[in-house]
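> Sharing my_file24.cif here; it has mmCIF, C-alpha atoms.
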data_coords
loop_
_atom_site.label_atom_id
_atom_site.label_comp_id
_atom_site.auth_asym_id
_atom_site.auth_seq_id
_atom_site.Cartn_x
_atom_site.Cartn_y
_atom_site.Cartn_z
CA MET A 1 0.00 0.00 0.00
CA ARG A 2 1.30 3.46 -0.88
CA GLY A 3 1.08 6.14 1.80
CA ARG A 4 1.93 5.91 5.48
CA ARG A 5 1.09 2.56 7.06
CA ILE A 6 2.76 1.20 10.20
CA ARG A 7 3.76 -2.46 9.99
CA LEU A 8 4.92 -4.80 12.78
CA LEU A 9 7.77 -7.16 11.93
CA LEU A 10 7.00 -10.36 13.84
CA SER A 11 9.68 -12.62 12.38
CA ILE A 12 12.42 -11.90 15.01
CA PRO A 13 12.80 -14.82 17.50
CA LEU A 14 12.08 -13.77 21.08
CA GLY A 15 15.47 -14.98 22.33
CA SER A 16 17.33 -12.92 19.74
CA LEU A 17 15.21 -9.89 20.63
CA VAL A 18 16.15 -10.19 24.33
CA VAL A 19 19.85 -10.47 23.46
CA ALA A 20 19.62 -7.48 21.11
CA VAL A 21 17.93 -5.38 23.80
CA GLY A 22 20.63 -6.38 26.33
CA LEU A 23 23.45 -5.46 23.97
CA ALA A 24 21.80 -2.13 23.19
CA ALA A 25 21.59 -1.37 26.92
CA CYS A 26 25.27 -2.27 27.47
CA SER A 27 26.41 -0.08 24.59
CA THR A 28 25.33 3.06 26.46
CA ASP A 29 28.16 2.47 28.97
CA GLU A 30 30.78 2.97 26.25
CA ALA A 31 29.16 5.70 24.21
CA ALA A 32 30.94 7.74 21.57
CA PRO A 33 32.40 11.10 22.69
CA ASP A 34 29.26 12.93 21.66
CA ASP A 35 27.24 10.73 24.05
CA THR A 36 25.39 9.18 21.10
CA PRO A 37 25.24 5.36 21.43
CA SER A 38 27.18 3.67 18.67
CA THR A 39 24.91 1.42 16.63
CA GLY A 40 27.28 0.53 13.81
CA PRO A 41 26.83 1.31 10.12
CA THR A 42 23.32 1.65 8.74
CA GLU A 43 21.92 1.68 5.24
CA ALA A 44 20.32 4.78 3.82
CA PRO A 45 16.50 4.61 4.09
CA THR A 46 14.73 3.49 0.95
CA GLU A 47 12.59 6.19 -0.61
CA THR A 48 9.05 5.02 -1.26
CA PRO A 49 6.90 6.22 -4.17
CA ALA A 50 4.81 8.26 -1.74
CA GLN A 51 7.89 10.25 -0.75
CA ALA A 52 9.09 10.61 -4.29
CA SER A 53 5.91 11.94 -5.84
CA SER A 54 3.84 13.71 -3.21
CA PRO A 55 4.08 17.52 -3.24
CA VAL A 56 2.16 17.70 0.06
CA ASP A 57 4.66 15.65 2.08
CA ASP A 58 5.08 17.29 5.49
CA GLY A 59 8.54 15.81 6.00
CA THR A 60 7.48 13.00 8.32
CA PRO A 61 9.35 9.81 7.32
CA VAL A 62 7.28 7.22 5.52
CA PRO A 63 7.93 3.62 6.65
CA ALA A 64 9.88 1.66 4.07
CA ALA A 65 7.93 -0.97 2.17
CA THR A 66 8.15 -4.57 3.28
CA ALA A 67 8.40 -7.74 1.22
CA ALA A 68 4.63 -8.18 1.61
CA ASP A 69 3.98 -5.14 -0.60
CA SER A 70 3.38 -5.46 -4.31
CA HIS A 71 1.54 -3.79 -7.16
CA LEU A 72 0.73 -4.60 -10.79
CA THR A 73 2.57 -3.66 -13.98
CA PHE A 74 0.49 -3.51 -17.18
CA ASP A 75 2.05 -3.98 -20.62
CA GLY A 76 -0.20 -1.54 -22.51
CA LEU A 77 -1.12 -4.26 -25.03
CA ASP A 78 -3.80 -6.46 -23.47
CA ASP A 79 -3.23 -6.57 -19.69
CA ARG A 80 -6.15 -5.91 -17.38
CA VAL A 81 -7.82 -6.75 -14.04
CA LEU A 82 -11.53 -7.53 -14.02
CA VAL A 83 -13.98 -7.26 -11.12
CA PRO A 84 -17.38 -8.85 -11.85
CA TRP A 85 -20.28 -6.42 -11.79
CA ASP A 86 -22.06 -5.95 -8.48
CA ALA A 87 -25.01 -3.80 -7.47
CA SER A 88 -22.70 -1.96 -5.05
CA PHE A 89 -20.87 -0.29 -7.95
CA PRO A 90 -21.66 3.45 -7.74
CA THR A 91 -22.96 5.37 -10.74
CA GLU A 92 -23.90 9.04 -10.33
CA VAL A 93 -22.17 9.78 -7.02
CA PHE A 94 -18.75 8.24 -6.53
CA THR A 95 -15.07 8.58 -5.73
CA VAL A 96 -12.29 6.53 -7.33
CA SER A 97 -8.59 6.69 -6.54
CA ALA A 98 -5.33 4.87 -7.21
CA TRP A 99 -1.58 5.20 -7.27
CA ILE A 100 -0.20 5.13 -10.82
CA ARG A 101 3.17 5.38 -12.55
CA LEU A 102 3.62 5.87 -16.30
CA PRO A 103 7.13 6.24 -17.71
CA GLN A 104 5.96 8.51 -20.53
CA PRO A 105 2.77 9.76 -22.21
CA PRO A 106 0.91 6.69 -23.49
CA GLY A 107 0.15 8.07 -26.95
CA GLN A 108 -3.38 6.69 -26.60
CA ARG A 109 -6.14 6.70 -24.02
CA ALA A 110 -5.00 4.55 -21.11
CA ALA A 111 -7.64 3.54 -18.55
CA ILE A 112 -6.91 3.43 -14.82
CA ILE A 113 -10.34 2.47 -13.40
CA ALA A 114 -13.36 2.02 -15.64
CA ARG A 115 -16.99 1.00 -15.82
CA GLY A 116 -16.79 0.60 -19.57
CA GLU A 117 -19.50 0.08 -22.18
CA ASP A 118 -22.00 -2.67 -21.51
CA ASP A 119 -22.42 -5.32 -24.22
CA ASP A 120 -26.21 -5.02 -24.06
CA SER A 121 -26.89 -1.35 -23.39
CA PHE A 122 -23.76 0.06 -25.07
CA ASN A 123 -23.71 2.55 -22.21
CA LEU A 124 -20.54 3.44 -20.37
CA SER A 125 -21.00 4.75 -16.85
CA TRP A 126 -17.66 6.42 -16.08
CA GLN A 127 -13.94 5.93 -16.39
CA LEU A 128 -10.80 7.63 -15.16
CA TYR A 129 -7.92 7.47 -17.60
CA VAL A 130 -4.72 9.10 -18.83
CA GLY A 131 -5.02 10.86 -22.17
CA PRO A 132 -2.57 10.41 -25.08
CA GLU A 133 -0.48 13.40 -23.94
CA GLY A 134 -0.27 12.19 -20.33
CA ASP A 135 -3.03 14.26 -18.69
CA LEU A 136 -5.53 12.85 -16.20
CA THR A 137 -8.98 12.70 -17.83
CA ALA A 138 -12.48 11.33 -17.23
CA MET A 139 -15.34 10.23 -19.44
CA LEU A 140 -19.00 9.91 -18.48
CA GLU A 141 -21.72 8.49 -20.72
CA ALA A 142 -25.40 9.26 -20.31
CA SER A 143 -28.21 6.79 -21.00
CA ASN A 144 -28.75 8.44 -24.41
CA GLU A 145 -25.18 7.35 -25.31
CA ASN A 146 -23.82 10.90 -25.26
CA ASN A 147 -20.19 10.83 -24.12
CA TYR A 148 -18.83 13.67 -21.99
CA CYS A 149 -15.04 14.09 -21.63
CA TYR A 150 -13.61 16.25 -18.85
CA PRO A 151 -11.93 18.57 -18.09
CA ALA A 152 -11.28 19.44 -21.77
CA ASN A 153 -15.04 19.07 -22.40
CA ASP A 154 -14.12 17.94 -25.91
CA CYS A 155 -16.58 15.08 -26.58
CA VAL A 156 -20.18 16.31 -26.35
CA PRO A 157 -19.72 19.72 -24.67
CA PHE A 158 -21.70 19.92 -21.44
CA GLY A 159 -21.12 21.92 -18.27
CA SER A 160 -18.08 24.08 -17.53
CA CYS A 161 -14.59 23.32 -16.19
CA GLU A 162 -11.67 25.07 -14.59
CA SER A 163 -8.42 23.12 -14.66
CA GLY A 164 -4.71 23.34 -13.97
CA ASP A 165 -1.79 20.99 -14.54
CA LEU A 166 -3.04 17.42 -14.93
CA PHE A 167 0.13 15.81 -16.33
CA VAL A 168 0.95 12.50 -14.62
CA ALA A 169 3.09 10.55 -17.14
CA ASP A 170 6.51 11.62 -15.88
CA GLY A 171 7.88 8.32 -14.52
CA ALA A 172 7.04 9.15 -10.88
CA TRP A 173 4.35 7.65 -8.68
CA HIS A 174 1.26 9.84 -8.40
CA HIS A 175 -1.89 9.46 -6.37
CA VAL A 176 -4.92 10.29 -8.53
CA ALA A 177 -8.56 10.65 -7.53
CA LEU A 178 -11.87 11.68 -9.06
CA THR A 179 -15.09 12.60 -7.25
CA ARG A 180 -18.62 13.34 -8.47
CA ASP A 181 -21.33 14.63 -6.12
CA GLU A 182 -25.13 14.90 -6.26
CA SER A 183 -24.99 18.26 -8.07
CA GLY A 184 -22.93 16.82 -10.90
CA GLU A 185 -19.70 18.49 -9.82
CA LEU A 186 -16.63 16.54 -10.89
CA VAL A 187 -13.30 17.18 -9.10
CA PHE A 188 -9.87 15.85 -10.07
CA TYR A 189 -7.04 15.43 -7.56
CA ILE A 190 -3.35 14.64 -8.08
CA ASP A 191 -1.12 13.90 -5.07
CA GLY A 192 -3.83 15.03 -2.68
CA GLN A 193 -4.34 18.43 -4.32
CA GLU A 194 -7.27 19.62 -6.44
CA ARG A 195 -6.27 20.14 -10.08
CA ALA A 196 -9.60 20.55 -11.92
CA ARG A 197 -13.27 21.16 -11.19
CA CYS A 198 -16.20 20.72 -13.59
CA GLN A 199 -19.78 21.78 -12.84
CA GLY A 200 -23.04 20.64 -14.39
CA THR A 201 -21.55 17.47 -15.86
CA GLY A 202 -23.41 14.76 -17.75
CA THR A 203 -25.19 12.07 -15.75
CA PRO A 204 -23.53 8.63 -15.94
CA SER A 205 -25.77 5.85 -17.23
CA SER A 206 -27.15 3.41 -14.64
CA ASN A 207 -28.04 0.98 -17.44
CA ASN A 208 -24.68 -0.76 -17.18
CA GLN A 209 -23.68 -4.10 -15.72
CA GLN A 210 -20.19 -4.22 -17.17
CA PHE A 211 -17.29 -5.55 -15.11
CA LEU A 212 -15.13 -2.98 -13.36
CA SER A 213 -11.65 -2.96 -14.87
CA PHE A 214 -8.17 -1.68 -14.01
CA GLY A 215 -5.58 -0.98 -16.71
CA ALA A 216 -8.12 -1.17 -19.56
CA THR A 217 -11.75 -0.43 -20.36
CA HIS A 218 -14.47 -2.10 -22.38
CA GLY A 219 -15.75 -0.40 -25.52
CA SER A 220 -14.74 2.47 -27.76
CA VAL A 221 -16.97 5.50 -28.25
CA GLY A 222 -19.91 4.54 -30.43
CA ARG A 223 -22.10 1.50 -31.07
CA LEU A 224 -20.62 -1.70 -32.48
CA PRO A 225 -22.20 -3.64 -35.37
CA ALA A 226 -25.20 -5.79 -34.44
CA GLY A 227 -24.20 -8.87 -32.46
CA ALA A 228 -20.66 -7.67 -31.76
CA LYS A 229 -19.23 -7.72 -28.24
CA GLU A 230 -17.45 -4.80 -26.66
CA PRO A 231 -13.71 -5.50 -26.78
CA PRO A 232 -11.29 -4.35 -24.11
CA VAL A 233 -9.46 -1.21 -25.22
CA TRP A 234 -7.43 1.71 -23.81
CA PHE A 235 -4.69 -0.43 -22.29
CA LEU A 236 -2.42 1.29 -19.77
CA PRO A 237 1.37 0.98 -20.19
CA GLY A 238 2.42 1.44 -16.57
CA GLU A 239 1.81 0.50 -12.95
CA ILE A 240 -1.20 0.64 -10.64
CA ASP A 241 -1.46 0.22 -6.88
CA ASP A 242 -4.22 0.54 -4.27
CA PRO A 243 -7.22 1.22 -6.55
CA ALA A 244 -10.27 2.12 -4.46
CA MET A 245 -13.91 3.15 -4.95
CA TRP A 246 -16.56 4.81 -2.77
CA ASN A 247 -20.29 5.33 -3.28
CA ARG A 248 -20.01 8.92 -2.09
CA SER A 249 -18.03 12.03 -2.99
CA LEU A 250 -15.08 12.38 -0.63
CA THR A 251 -14.10 15.83 0.58
CA ALA A 252 -10.77 17.44 -0.26
CA ALA A 253 -9.53 16.72 3.26
CA GLU A 254 -10.49 13.04 2.91
CA ILE A 255 -8.69 12.76 -0.43
CA GLU A 256 -5.57 14.28 1.11
CA ALA A 257 -5.78 11.80 3.99
CA VAL A 258 -6.09 8.85 1.58
CA GLN A 259 -3.04 10.08 -0.33
CA ARG A 260 -1.07 10.60 2.87
CA ASP A 261 -2.17 7.66 5.04
CA GLY A 262 -3.63 5.09 2.64
CA VAL A 263 -7.16 3.76 2.36
CA ASP A 264 -8.97 2.92 5.60
CA PRO A 265 -10.96 -0.30 4.99
CA ALA A 266 -13.54 1.01 7.46
CA SER A 267 -14.01 4.27 5.52
CA PRO A 268 -17.73 5.12 5.17
CA GLY A 269 -19.06 4.32 1.73
CA LEU A 270 -16.07 2.25 0.65
CA VAL A 271 -17.24 -0.40 -1.83
CA GLY A 272 -13.90 -1.47 -3.25
CA PHE A 273 -10.30 -1.45 -2.08
CA TRP A 274 -7.77 -3.66 -3.77
CA SER A 275 -4.35 -3.29 -2.09
CA LEU A 276 -2.76 -5.58 -4.74
CA ASP A 277 -0.44 -6.97 -2.08
CA GLU A 278 -1.14 -10.60 -2.98
CA GLY A 279 2.10 -10.73 -4.96
CA GLN A 280 1.15 -13.93 -6.78
CA GLY A 281 -1.77 -15.88 -8.16
CA GLN A 282 -4.83 -14.84 -10.15
CA ASP A 283 -7.04 -13.25 -7.49
CA VAL A 284 -7.19 -9.66 -6.25
CA HIS A 285 -9.07 -9.34 -2.99
CA ASP A 286 -11.37 -6.49 -2.09
CA LEU A 287 -10.64 -5.36 1.48
CA SER A 288 -13.83 -3.29 1.70
CA PRO A 289 -17.08 -4.59 3.26
CA ALA A 290 -18.47 -5.07 -0.29
CA LEU A 291 -16.04 -7.97 -0.96
CA ASN A 292 -15.85 -7.23 -4.69
CA ASP A 293 -13.01 -9.62 -5.48
CA GLY A 294 -11.55 -9.74 -8.99
CA TYR A 295 -8.93 -11.51 -11.04
CA LEU A 296 -6.03 -10.89 -13.38
CA GLY A 297 -6.46 -11.12 -17.14
CA ALA A 298 -9.33 -11.90 -19.46
CA ASN A 299 -10.65 -14.78 -17.33
CA PRO A 300 -10.01 -16.34 -13.91
CA ASP A 301 -7.34 -18.67 -15.29
CA ALA A 302 -3.82 -17.53 -16.18
CA ASP A 303 -3.56 -16.04 -19.67
CA SER A 304 -1.56 -13.54 -21.73
CA ALA A 305 -3.69 -10.65 -20.45
CA ASP A 306 -2.43 -11.04 -16.86
CA PRO A 307 -0.53 -7.98 -15.61
CA ALA A 308 2.72 -8.78 -13.76
CA TRP A 309 3.02 -8.85 -9.97
CA THR A 310 5.78 -6.40 -9.08
CA PRO A 311 7.47 -6.08 -5.65
CA ALA A 312 7.40 -2.63 -4.07
#
Here is the file; what I need is its structure written in the form of structure tokens.

Amino acid sequence: MRGRRIRLLLSIPLGSLVVAVGLAACSTDEAAPDDTPSTGPTEAPTETPAQASSPVDDGTPVPAATAADSHLTFDGLDDRVLVPWDASFPTEVFTVSAWIRLPQPPGQRAAIIARGEDDDSFNLSWQLYVGPEGDLTAMLEASNENNYCYPANDCVPFGSCESGDLFVADGAWHHVALTRDESGELVFYIDGQERARCQGTGTPSSNNQQFLSFGATHGSVGRLPAGAKEPPVWFLPGEIDDPAMWNRSLTAAEIEAVQRDGVDPASPGLVGFWSLDEGQGQDVHDLSPALNDGYLGANPDADSADPAWTPA
């Protein structure tokens, strides 16, 4: 998990711990001239992605990652994670967030978290993605199949937006988040800070039972020929960690806390939190009360569409 999370290391035998404590106590009797106990050489602390990318870091050290941490690397060709549709998936009011790292602009739309087009209704609900030039972007689709792209507002123009720097494809880890409230206000956050705000946005379609996906989406803009199935598209060439989803619009302070401290599994309205710390296998487990577990690739069995488990 990115962000600050305290971990207890329980692998030290009790006898060794007692000896270590005794030696540490004895060392104070022969302290260095500056009265600082000599502890021997130490390695420089490992910088975590949260330290490297967060502009709101208050200087408090972030615990180094342990071997239990992992995330997923997507090849940008066909890799994806799928979470079977569930009635808990939010539609009009929601928050989604994740840590992402892209080495360069993808040159195409690259989905982070998506409720892509349904094979039956051909309606997309919403998706958060990185645009071809590396800017954080969102698309909503109404039940009349009108697509609304924000903050550029360059699909079917609707509402109004104010935006700043949304570039995220610079090779560093970034925490990204998107919220939409009851009034239709859409807010983009990068590294815990607001970067864009759109008012009077289109209403996402509720006529959608498509799987949730990470690293790809289902369906391009527009209806397919009769009988055709929506293919996965918009593959992300990069890394994703800690994707999460709420059925409410988080406040700016809550987004900053998620970026800084990580996702609290007991957070009100949380309906999906995938830490991606499994490190192996096909399953990704939802740590929220909704238990929306998913799997790597195009189906539950191993295949070429599986993203790669990557140690922190």
> Could you tell me which residues the PyMOL selection byres ((chain A and resi 189) around 9) returns for this structure, as an MDAnalysis selection string?
chainID A and resid 97 166 175:179 187:188 190:196 252 255:256
> May I have a table of the residues of stretch 236-277 of chain A lying at most 10 Å from stretch 100-122 of chain A, giving each one's closest pair of atoms and their distance in Å to one decimal, counting only C-alpha atoms, ordered by chain and ascending residue number, as JSON lines?

{"residue": "A:Leu236", "atom": "CA", "partner": "A:Ala110", "partner_atom": "CA", "distance": 4.4}
{"residue": "A:Pro237", "atom": "CA", "partner": "A:Pro106", "partner_atom": "CA", "distance": 6.6}
{"residue": "A:Gly238", "atom": "CA", "partner": "A:Leu102", "partner_atom": "CA", "distance": 4.6}
{"residue": "A:Glu239", "atom": "CA", "partner": "A:Arg101", "partner_atom": "CA", "distance": 5.1}
{"residue": "A:Ile240", "atom": "CA", "partner": "A:Ile100", "partner_atom": "CA", "distance": 4.6}
{"residue": "A:Asp241", "atom": "CA", "partner": "A:Ile100", "partner_atom": "CA", "distance": 6.4}
{"residue": "A:Asp242", "atom": "CA", "partner": "A:Ile100", "partner_atom": "CA", "distance": 9.0}
{"residue": "A:Pro243", "atom": "CA", "partner": "A:Ile113", "partner_atom": "CA", "distance": 7.6}
{"residue": "A:Ala244", "atom": "CA", "partner": "A:Ile113", "partner_atom": "CA", "distance": 8.9}
{"residue": "A:Met245", "atom": "CA", "partner": "A:Ile113", "partner_atom": "CA", "distance": 9.2}
> Do you know which residues the PyMOL selection byres ((chain A and resi 250) around 9) returns on this file, as JSON, numbers by chain?
{"A": [94, 95, 179, 180, 181, 246, 248, 249, 251, 252, 253, 254, 255]}
> Starting from the shown file, work through the PyMOL selection byres ((chain A and resi 183) around 10) and note down what comes out as a ChimeraX atom specification.
/A:92-93,180-182,184-186,199-201,203
> Could those selected residues go to a file with C-alpha atoms, as a PDB file, keeping the file's coordinate frame?

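Everything below was put into out00.pdb:
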ATOM      1  CA  GLU A  92     -23.900   9.040 -10.330  1.00  0.00           C
ATOM      2  CA  VAL A  93     -22.170   9.780  -7.020  1.00  0.00           C
ATOM      3  CA  ARG A 180     -18.620  13.340  -8.470  1.00  0.00           C
ATOM      4  CA  ASP A 181     -21.330  14.630  -6.120  1.00  0.00           C
ATOM      5  CA  GLU A 182     -25.130  14.900  -6.260  1.00  0.00           C
ATOM      6  CA  GLY A 184     -22.930  16.820 -10.900  1.00  0.00           C
ATOM      7  CA  GLU A 185     -19.700  18.490  -9.820  1.00  0.00           C
ATOM      8  CA  LEU A 186     -16.630  16.540 -10.890  1.00  0.00           C
ATOM      9  CA  GLN A 199     -19.780  21.780 -12.840  1.00  0.00           C
ATOM     10  CA  GLY A 200     -23.040  20.640 -14.390  1.00  0.00           C
ATOM     11  CA  THR A 201     -21.550  17.470 -15.860  1.00  0.00           C
ATOM     12  CA  THR A 203     -25.190  12.070 -15.750  1.00  0.00           C
TER      13      THR A 203
END
> May I have the centre and edge lengths, in Å to one decimal, of an axis-aligned box around the listed atoms of stretch 143-150 of chain A with 4 Å added to every side, as AutoDock Vina command-line options?

--center_x -21.2 --center_y 11.5 --center_z -22.1 --size_x 23.1 --size_y 17.5 --size_z 14.5
> Between A:Gln127, A:Asn208, A:Asn247, A:Ser88, single out the one closest to A:Gly269, counting all atoms listed in the file.
A:Asn247
> For each of A:Pro132, A:Gly294, A:Pro232, A:Pro90, take the minimum atom-to-atom distance to A:Gly215, counting all atoms listed in the file, then give the residue where this is smallest.
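Nearest candidate to A:Gly215 out of A:Pro132, A:Gly294, A:Pro232, A:Pro90: A:Pro232.
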> Expressed in Å to a single decimal, how great is the separation between atom CA of A:Ser213 and atom CA of A:Gly262?
20.9 Å
> Restricting the calculation to all atoms listed in the file, which member of A:Cys161, A:Ala169, A:Tyr148, A:Thr91 is positioned closest to A:Gly131?
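The answer is A:Ala169, which sits nearest to A:Gly131.
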> Atom CA of A:Asp86 and atom CA of A:Trp274 are how many Å apart?
15.2 Å
> With all atoms listed in the file as the atoms that count, which of A:Cys149, A:Leu124, A:Ala216, A:Ala98 lies nearest to A:His174?
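Nearest candidate to A:His174 out of A:Cys149, A:Leu124, A:Ala216, A:Ala98: A:Ala98.
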> Reconstruct N, CA and C atoms of stretch 196-213 of chain A from the incomplete input and present them as a compact mmCIF listing (two decimals), keeping the file's coordinate frame.

# COMPACT_ATOMS: atom_id res chain seq x y z
N ALA A 196 -8.56 20.14 -10.97
CA ALA A 196 -9.60 20.55 -11.92
C ALA A 196 -10.96 20.38 -11.27
N ARG A 197 -11.91 21.22 -11.72
CA ARG A 197 -13.27 21.16 -11.19
C ARG A 197 -14.23 21.45 -12.34
N CYS A 198 -15.22 20.57 -12.52
CA CYS A 198 -16.20 20.72 -13.59
C CYS A 198 -17.60 20.71 -12.98
N GLN A 199 -18.44 21.65 -13.39
CA GLN A 199 -19.78 21.78 -12.84
C GLN A 199 -20.82 21.48 -13.91
N GLY A 200 -21.96 20.94 -13.47
CA GLY A 200 -23.04 20.64 -14.39
C GLY A 200 -22.68 19.58 -15.40
N THR A 201 -22.02 18.51 -14.95
CA THR A 201 -21.55 17.47 -15.86
C THR A 201 -22.68 16.53 -16.27
N GLY A 202 -22.44 15.75 -17.31
CA GLY A 202 -23.41 14.76 -17.75
C GLY A 202 -23.65 13.71 -16.68
N THR A 203 -24.81 13.07 -16.74
CA THR A 203 -25.19 12.07 -15.75
C THR A 203 -24.80 10.68 -16.24
N PRO A 204 -23.94 9.97 -15.51
CA PRO A 204 -23.53 8.63 -15.94
C PRO A 204 -24.71 7.68 -16.04
N SER A 205 -24.69 6.79 -17.02
CA SER A 205 -25.77 5.85 -17.23
C SER A 205 -25.79 4.78 -16.13
N SER A 206 -26.97 4.51 -15.60
CA SER A 206 -27.15 3.41 -14.64
C SER A 206 -27.51 2.12 -15.34
N ASN A 207 -27.71 2.17 -16.66
CA ASN A 207 -28.04 0.98 -17.44
C ASN A 207 -26.74 0.32 -17.88
N ASN A 208 -26.01 -0.22 -16.92
CA ASN A 208 -24.68 -0.76 -17.18
C ASN A 208 -24.38 -1.84 -16.15
N GLN A 209 -24.09 -3.02 -16.62
CA GLN A 209 -23.68 -4.10 -15.72
C GLN A 209 -22.35 -4.69 -16.17
N GLN A 210 -21.51 -3.81 -16.73
CA GLN A 210 -20.19 -4.22 -17.17
C GLN A 210 -19.27 -4.46 -15.97
N PHE A 211 -18.31 -5.37 -16.14
CA PHE A 211 -17.29 -5.55 -15.11
C PHE A 211 -16.54 -4.24 -14.88
N LEU A 212 -16.09 -4.04 -13.65
CA LEU A 212 -15.13 -2.98 -13.36
C LEU A 212 -13.77 -3.46 -13.84
N SER A 213 -12.95 -2.54 -14.36
CA SER A 213 -11.65 -2.96 -14.87
C SER A 213 -10.57 -1.97 -14.46
